[in-house]
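Below is one structure, written out as structure tokens; the observations come after it.
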Amino acid sequence: MKYVHVGINVTNLEASIEFYQKVFGVQPVKTKVDYAKFLLDEPRLNFTLNVQDEVKGNQVNHFGFQVETPQEIHSHKSRLEKEGFFARQEMDTTCCYAVQDKFWVTDPDGNEWEFFYTKSDSEVHKGEDSVGPNEKLPVDNACC
């Protein structure tokens, strides 16, 4: 496969280009009045922005980048905070049947981007932690 392709709808092309330039660390390879295209080598991603008059809600759950080391999480988080983003972090959290370090940033149209490092597998999905032999304790479901 040459590239994975993701195309999202945006309402403000300039703000979205600025956001994604900072998140991806590269300039778009093509920009038109109603469109922009980013090509990333790592990961191999063809990512396009398509202008719409209105974007209602988040039509996807979230997007994300899985990194190979815990140091990469801290490096990306520091880099994006220096760009002015608030990074909501979840360190040593159980999510999607895995123990992970992660943080999140949100684009101008409300799409969430997760950067995460998987430490180990887990038998527990976030949303239920065992508190007794037959009891479940509900917890925040925002992870995945």
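Ligands are numbered from 1 in the order shown, chains are lettered A, B, ... in the order of the structure tokens, and residues start at 1 in each chain.
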
Hey, what's within 8 Å of His62 of chain A if we count only C-alpha atoms and toss same-chain stuff fewer than 2 positions away? As a PyMOL selection string, please? chain A and resi 60+64+111-114+144

In terms of only C-alpha atoms, the residue from A:Phe63, A:Phe47, A:Phe116, A:Tyr20 at minimal distance from Thr93 of chain A is A:Phe116

Contacts of Asp109 of chain A at 12 Å (only C-alpha atoms; same-chain gap of 6+ positions) as a PDB file with C-alpha atoms, in the first residue's frame:
```pdb
ATOM      1  CA  ILE A   8     -11.971  15.360   6.440  1.00  0.00           C
ATOM      2  CA  ASN A   9     -14.446  18.189   6.045  1.00  0.00           C
ATOM      3  CA  VAL A  10     -13.453  21.569   7.496  1.00  0.00           C
ATOM      4  CA  THR A  11     -15.150  24.941   7.744  1.00  0.00           C
ATOM      5  CA  ASN A  12     -12.076  27.186   7.901  1.00  0.00           C
ATOM      6  CA  LEU A  13      -9.308  26.062   5.561  1.00  0.00           C
ATOM      7  CA  ALA A  15      -7.172  27.641  10.467  1.00  0.00           C
ATOM      8  CA  SER A  16      -7.149  23.927   9.627  1.00  0.00           C
ATOM      9  CA  ILE A  17      -3.984  24.211   7.520  1.00  0.00           C
ATOM     10  CA  PHE A  19      -3.380  23.398  12.892  1.00  0.00           C
ATOM     11  CA  TYR A  20      -2.310  20.422  10.759  1.00  0.00           C
ATOM     12  CA  LEU A  49      -8.908  18.972   3.993  1.00  0.00           C
ATOM     13  CA  ASN A  50     -12.146  19.603   2.108  1.00  0.00           C
ATOM     14  CA  VAL A  51     -14.029  22.860   2.726  1.00  0.00           C
ATOM     15  CA  GLN A  52     -17.732  22.621   3.563  1.00  0.00           C
ATOM     16  CA  ASP A  53     -20.124  25.373   4.630  1.00  0.00           C
ATOM     17  CA  GLU A  54     -20.916  23.473   7.821  1.00  0.00           C
ATOM     18  CA  VAL A  55     -19.517  20.530   9.739  1.00  0.00           C
ATOM     19  CA  LYS A  56     -22.001  19.039  12.194  1.00  0.00           C
ATOM     20  CA  GLY A  57     -20.500  17.140  15.074  1.00  0.00           C
ATOM     21  CA  ASN A  58     -17.579  14.812  15.022  1.00  0.00           C
ATOM     22  CA  GLN A  59     -18.416  12.258  12.333  1.00  0.00           C
ATOM     23  CA  VAL A  60     -15.520  10.045  13.402  1.00  0.00           C
TER      24      VAL A  60
END
```

Using only C-alpha atoms, find the one residue out of A:His125, A:Arg44, A:Lys119, A:Lys22 that sits nearest to Val105 of chain A. A:Lys22
